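Have a look at the structure below before the remarks.
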Amino acid sequence: MKNRVEVLRDYIDDILLNMTDFENRRCAYLHLYGVSQACALIALRRGEDVELATMAGMLHDLHTYKHGNPDNHAEKGALLAKEILNQLHLTSLAETDMICSAIHNHSSKSKTHSAFDEVLIDADVMQHVLYNYTEPIMEHEQSRFKDIANEFFLNPT
């Protein structure tokens, strides 16, 4: 029997595989699963729920990729995540609320949120920076990445 992460991954893969634009599909896979893996790493480091963080990472920008519209993507993404998690019966009400809160807040990088929400926010920053480390770090993510680098004993150049 598949675990919750694999059930969710199969569901998301069905959406992504039906995307007709190859470049958008590639970006979706790299970003959603890259953030998901970064969530797992950060959650392990901080003692947060790794499974739920992994799921939040997979879902956080799915609305944007599914509908091709980034407007209000964090808020709309949280609603879509709730719909998916309820449809698949993967999480308790409290777990769904945790995941959806993190997704809802993940674009608010200048504020500090709950410890669990911060995992997704920092994972999103980590993936943006590490996707192509030769590119300049976006100004609104520089401070967060510096903190992440210090937390993981990295020496960014």
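We name chains A, B, ... following the order of the structure tokens; residues begin at 1 in each chain, and ligands are numbered from 1 as shown.
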For range 43-53 of chain A, find every residue with an atom within 8 Å (counting only C-alpha atoms), except residues of its own chain fewer than 5 positions away, and show them as an mmCIF file with N, CA and C atoms, in the first residue's frame.
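Saved to around_13.cif:
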data_model
loop_
_atom_site.group_PDB
_atom_site.id
_atom_site.type_symbol
_atom_site.label_atom_id
_atom_site.label_comp_id
_atom_site.auth_asym_id
_atom_site.auth_seq_id
_atom_site.Cartn_x
_atom_site.Cartn_y
_atom_site.Cartn_z
ATOM 1 N N VAL A 5 2.470 10.367 1.008
ATOM 2 C CA VAL A 5 3.285 11.162 0.091
ATOM 3 C C VAL A 5 3.192 10.603 -1.328
ATOM 4 N N SER A 36 9.577 20.542 -2.358
ATOM 5 C CA SER A 36 9.175 19.433 -1.490
ATOM 6 C C SER A 36 10.386 18.794 -0.812
ATOM 7 N N GLU A 95 -4.125 18.542 10.241
ATOM 8 C CA GLU A 95 -3.010 18.439 9.293
ATOM 9 C C GLU A 95 -3.295 19.257 8.034
ATOM 10 N N ILE A 99 -0.991 22.412 6.576
ATOM 11 C CA ILE A 99 -0.483 22.469 5.204
ATOM 12 C C ILE A 99 -1.024 23.709 4.494
ATOM 13 N N ALA A 115 6.301 28.098 12.984
ATOM 14 C CA ALA A 115 7.505 27.321 12.660
ATOM 15 C C ALA A 115 7.274 26.424 11.449
ATOM 16 N N PHE A 116 6.088 25.823 11.365
ATOM 17 C CA PHE A 116 5.798 24.949 10.221
ATOM 18 C C PHE A 116 5.687 25.775 8.934
ATOM 19 N N VAL A 119 9.005 26.620 7.364
ATOM 20 C CA VAL A 119 9.674 25.549 6.611
ATOM 21 C C VAL A 119 9.396 25.714 5.123
ATOM 22 N N LEU A 120 8.131 25.888 4.757
ATOM 23 C CA LEU A 120 7.777 26.039 3.342
ATOM 24 C C LEU A 120 8.332 27.343 2.766
#
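Look at Lys146 in chain A: the protein and nucleic acid residues within 12 Å of it, using only C-alpha atoms and passing over chain neighbours fewer than 4 places away, are Asp122, Val125, Met126, Val129, Ile137, Met138, Glu139, His140, Glu141, Gln142, Asn150, Glu151, Phe152, Phe153, Leu154, Asn155, Pro156 and Thr157 of chain A.
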Residues from the last selection, N, CA and C atoms, saved as a short mmCIF file (atom, residue, chain, number, x, y, z; two decimals), in the first residue's frame:
data_model
loop_
_atom_site.label_atom_id
_atom_site.label_comp_id
_atom_site.auth_asym_id
_atom_site.auth_seq_id
_atom_site.Cartn_x
_atom_site.Cartn_y
_atom_site.Cartn_z
N ASP A 122 10.99 29.01 3.65
CA ASP A 122 12.44 28.88 3.45
C ASP A 122 12.77 27.87 2.37
N VAL A 125 12.44 29.62 -0.95
CA VAL A 125 13.62 30.46 -1.18
C VAL A 125 14.80 29.59 -1.58
N MET A 126 15.03 28.51 -0.86
CA MET A 126 16.17 27.63 -1.14
C MET A 126 16.10 27.11 -2.58
N VAL A 129 16.93 29.86 -5.15
CA VAL A 129 18.35 30.18 -5.20
C VAL A 129 19.15 29.03 -5.83
N ILE A 137 20.55 36.43 -6.42
CA ILE A 137 19.44 36.11 -5.53
C ILE A 137 18.48 37.30 -5.54
N MET A 138 17.20 37.00 -5.67
CA MET A 138 16.21 38.06 -5.67
C MET A 138 16.31 38.86 -4.37
N GLU A 139 16.18 40.16 -4.48
CA GLU A 139 16.40 41.03 -3.34
C GLU A 139 15.53 40.65 -2.14
N HIS A 140 14.27 40.32 -2.39
CA HIS A 140 13.37 40.01 -1.28
C HIS A 140 13.66 38.64 -0.64
N GLU A 141 14.58 37.87 -1.23
CA GLU A 141 14.94 36.57 -0.68
C GLU A 141 16.36 36.53 -0.11
N GLN A 142 17.12 37.58 -0.27
CA GLN A 142 18.52 37.59 0.15
C GLN A 142 18.69 37.36 1.65
N ASN A 150 23.37 30.10 6.93
CA ASN A 150 23.98 30.02 8.26
C ASN A 150 23.46 28.81 9.03
N GLU A 151 22.15 28.57 8.94
CA GLU A 151 21.56 27.43 9.65
C GLU A 151 22.15 26.10 9.19
N PHE A 152 22.46 26.01 7.89
CA PHE A 152 22.99 24.76 7.34
C PHE A 152 24.51 24.80 7.17
N PHE A 153 25.14 25.77 7.80
CA PHE A 153 26.60 25.88 7.78
C PHE A 153 27.16 25.94 6.37
N LEU A 154 26.48 26.71 5.53
CA LEU A 154 26.92 26.90 4.15
C LEU A 154 27.72 28.18 4.08
N ASN A 155 28.56 28.28 3.08
CA ASN A 155 29.38 29.46 2.89
C ASN A 155 29.03 30.05 1.54
N PRO A 156 27.90 30.79 1.45
CA PRO A 156 27.53 31.33 0.14
C PRO A 156 28.51 32.41 -0.29
N THR A 157 28.76 32.46 -1.60
CA THR A 157 29.70 33.44 -2.12
C THR A 157 29.00 34.71 -2.52
#
DSSP says helix (DSSP H, G or I) for which residues of range 3-156 of chain A? Put them as a ChimeraX atom specification?
/A:4-17,22-46,50-59,62-67,73-88,93-105,115-131,139-151
Let's have the selection written as an mmCIF file, in the first residue's frame, with C-alpha atoms.
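The new file result13.cif reads:
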data_model
loop_
_atom_site.group_PDB
_atom_site.id
_atom_site.type_symbol
_atom_site.label_atom_id
_atom_site.label_comp_id
_atom_site.auth_asym_id
_atom_site.auth_seq_id
_atom_site.Cartn_x
_atom_site.Cartn_y
_atom_site.Cartn_z
ATOM 1 C CA ARG A 4 0.394 9.476 1.850
ATOM 2 C CA VAL A 5 3.285 11.162 0.091
ATOM 3 C CA GLU A 6 3.183 8.665 -2.791
ATOM 4 C CA VAL A 7 -0.605 8.928 -3.140
ATOM 5 C CA LEU A 8 -0.305 12.706 -3.346
ATOM 6 C CA ARG A 9 2.629 12.479 -5.759
ATOM 7 C CA ASP A 10 0.596 10.254 -8.082
ATOM 8 C CA TYR A 11 -2.283 12.744 -7.976
ATOM 9 C CA ILE A 12 0.017 15.683 -8.754
ATOM 10 C CA ASP A 13 1.818 13.748 -11.487
ATOM 11 C CA ASP A 14 -1.527 13.191 -13.223
ATOM 12 C CA ILE A 15 -2.052 16.952 -13.297
ATOM 13 C CA LEU A 16 1.476 17.750 -14.437
ATOM 14 C CA LEU A 17 1.599 15.066 -17.105
ATOM 15 C CA PHE A 22 6.648 21.232 -22.123
ATOM 16 C CA GLU A 23 8.563 24.156 -20.581
ATOM 17 C CA ASN A 24 5.826 24.856 -18.018
ATOM 18 C CA ARG A 25 5.600 21.152 -17.192
ATOM 19 C CA ARG A 26 9.372 20.972 -16.689
ATOM 20 C CA CYS A 27 9.318 24.053 -14.451
ATOM 21 C CA ALA A 28 6.418 22.636 -12.450
ATOM 22 C CA TYR A 29 8.203 19.347 -11.797
ATOM 23 C CA LEU A 30 11.476 21.016 -10.870
ATOM 24 C CA HIS A 31 9.902 23.611 -8.610
ATOM 25 C CA LEU A 32 7.209 21.574 -6.838
ATOM 26 C CA TYR A 33 9.408 18.568 -6.152
ATOM 27 C CA GLY A 34 12.492 20.696 -5.476
ATOM 28 C CA VAL A 35 10.609 22.678 -2.843
ATOM 29 C CA SER A 36 9.175 19.433 -1.490
ATOM 30 C CA GLN A 37 12.652 17.977 -0.975
ATOM 31 C CA ALA A 38 13.910 21.214 0.546
ATOM 32 C CA CYS A 39 10.901 21.108 2.898
ATOM 33 C CA ALA A 40 11.897 17.635 4.025
ATOM 34 C CA LEU A 41 15.481 18.737 4.676
ATOM 35 C CA ILE A 42 14.484 21.867 6.592
ATOM 36 C CA ALA A 43 11.775 20.058 8.567
ATOM 37 C CA LEU A 44 14.292 17.388 9.597
ATOM 38 C CA ARG A 45 16.715 20.071 10.741
ATOM 39 C CA ARG A 46 14.065 21.986 12.704
ATOM 40 C CA VAL A 50 8.669 15.967 7.575
ATOM 41 C CA GLU A 51 5.788 14.149 5.898
ATOM 42 C CA LEU A 52 3.412 17.120 6.100
ATOM 43 C CA ALA A 53 6.163 19.533 5.038
ATOM 44 C CA THR A 54 6.895 17.340 2.008
ATOM 45 C CA MET A 55 3.220 17.392 1.088
ATOM 46 C CA ALA A 56 3.014 21.173 1.511
ATOM 47 C CA GLY A 57 5.979 21.583 -0.814
ATOM 48 C CA MET A 58 4.376 19.433 -3.499
ATOM 49 C CA LEU A 59 1.135 21.398 -3.325
ATOM 50 C CA LEU A 62 0.129 23.625 -7.959
ATOM 51 C CA HIS A 63 -2.697 26.090 -8.597
ATOM 52 C CA THR A 64 -0.388 28.300 -10.657
ATOM 53 C CA TYR A 65 0.814 25.421 -12.792
ATOM 54 C CA LYS A 66 -2.609 23.788 -13.138
ATOM 55 C CA HIS A 67 -4.394 26.988 -14.162
ATOM 56 C CA HIS A 73 -1.470 32.088 -6.091
ATOM 57 C CA ALA A 74 -0.786 31.533 -2.394
ATOM 58 C CA GLU A 75 -4.403 32.042 -1.391
ATOM 59 C CA LYS A 76 -5.784 30.081 -4.348
ATOM 60 C CA GLY A 77 -3.151 27.400 -3.815
ATOM 61 C CA ALA A 78 -4.258 26.909 -0.212
ATOM 62 C CA LEU A 79 -7.857 26.451 -1.365
ATOM 63 C CA LEU A 80 -6.825 23.931 -4.024
ATOM 64 C CA ALA A 81 -4.652 22.053 -1.534
ATOM 65 C CA LYS A 82 -7.571 21.795 0.885
ATOM 66 C CA GLU A 83 -9.801 20.503 -1.892
ATOM 67 C CA ILE A 84 -7.239 17.872 -2.934
ATOM 68 C CA LEU A 85 -6.437 16.722 0.598
ATOM 69 C CA ASN A 86 -10.147 16.424 1.418
ATOM 70 C CA GLN A 87 -10.847 14.570 -1.833
ATOM 71 C CA LEU A 88 -8.044 12.086 -1.228
ATOM 72 C CA LEU A 93 -8.498 18.406 9.690
ATOM 73 C CA ALA A 94 -5.605 19.717 11.791
ATOM 74 C CA GLU A 95 -3.010 18.439 9.293
ATOM 75 C CA THR A 96 -4.920 19.978 6.382
ATOM 76 C CA ASP A 97 -5.041 23.288 8.246
ATOM 77 C CA MET A 98 -1.267 23.169 8.854
ATOM 78 C CA ILE A 99 -0.483 22.469 5.204
ATOM 79 C CA CYS A 100 -2.927 25.085 3.934
ATOM 80 C CA SER A 101 -1.642 27.737 6.336
ATOM 81 C CA ALA A 102 1.892 27.190 5.087
ATOM 82 C CA ILE A 103 0.757 27.427 1.463
ATOM 83 C CA HIS A 104 -1.338 30.518 2.165
ATOM 84 C CA ASN A 105 1.640 32.261 3.812
ATOM 85 C CA ALA A 115 7.505 27.321 12.660
ATOM 86 C CA PHE A 116 5.798 24.949 10.221
ATOM 87 C CA ASP A 117 4.896 27.772 7.797
ATOM 88 C CA GLU A 118 8.513 28.943 7.909
ATOM 89 C CA VAL A 119 9.674 25.549 6.611
ATOM 90 C CA LEU A 120 7.777 26.039 3.342
ATOM 91 C CA ILE A 121 8.742 29.699 3.026
ATOM 92 C CA ASP A 122 12.437 28.879 3.455
ATOM 93 C CA ALA A 123 12.229 25.835 1.176
ATOM 94 C CA ASP A 124 10.731 28.013 -1.554
ATOM 95 C CA VAL A 125 13.618 30.465 -1.177
ATOM 96 C CA MET A 126 16.166 27.627 -1.141
ATOM 97 C CA GLN A 127 14.797 26.155 -4.362
ATOM 98 C CA HIS A 128 14.706 29.553 -6.086
ATOM 99 C CA VAL A 129 18.350 30.176 -5.199
ATOM 100 C CA LEU A 130 19.663 26.670 -5.885
ATOM 101 C CA TYR A 131 17.802 26.258 -9.178
ATOM 102 C CA GLU A 139 16.395 41.035 -3.340
ATOM 103 C CA HIS A 140 13.371 40.008 -1.276
ATOM 104 C CA GLU A 141 14.943 36.572 -0.681
ATOM 105 C CA GLN A 142 18.518 37.593 0.154
ATOM 106 C CA SER A 143 18.070 37.940 3.902
ATOM 107 C CA ARG A 144 16.197 34.647 4.210
ATOM 108 C CA PHE A 145 18.771 32.785 2.149
ATOM 109 C CA LYS A 146 21.564 34.201 4.281
ATOM 110 C CA ASP A 147 19.798 32.864 7.392
ATOM 111 C CA ILE A 148 19.233 29.465 5.745
ATOM 112 C CA ALA A 149 22.887 29.294 4.688
ATOM 113 C CA ASN A 150 23.979 30.016 8.260
ATOM 114 C CA GLU A 151 21.556 27.434 9.652
#
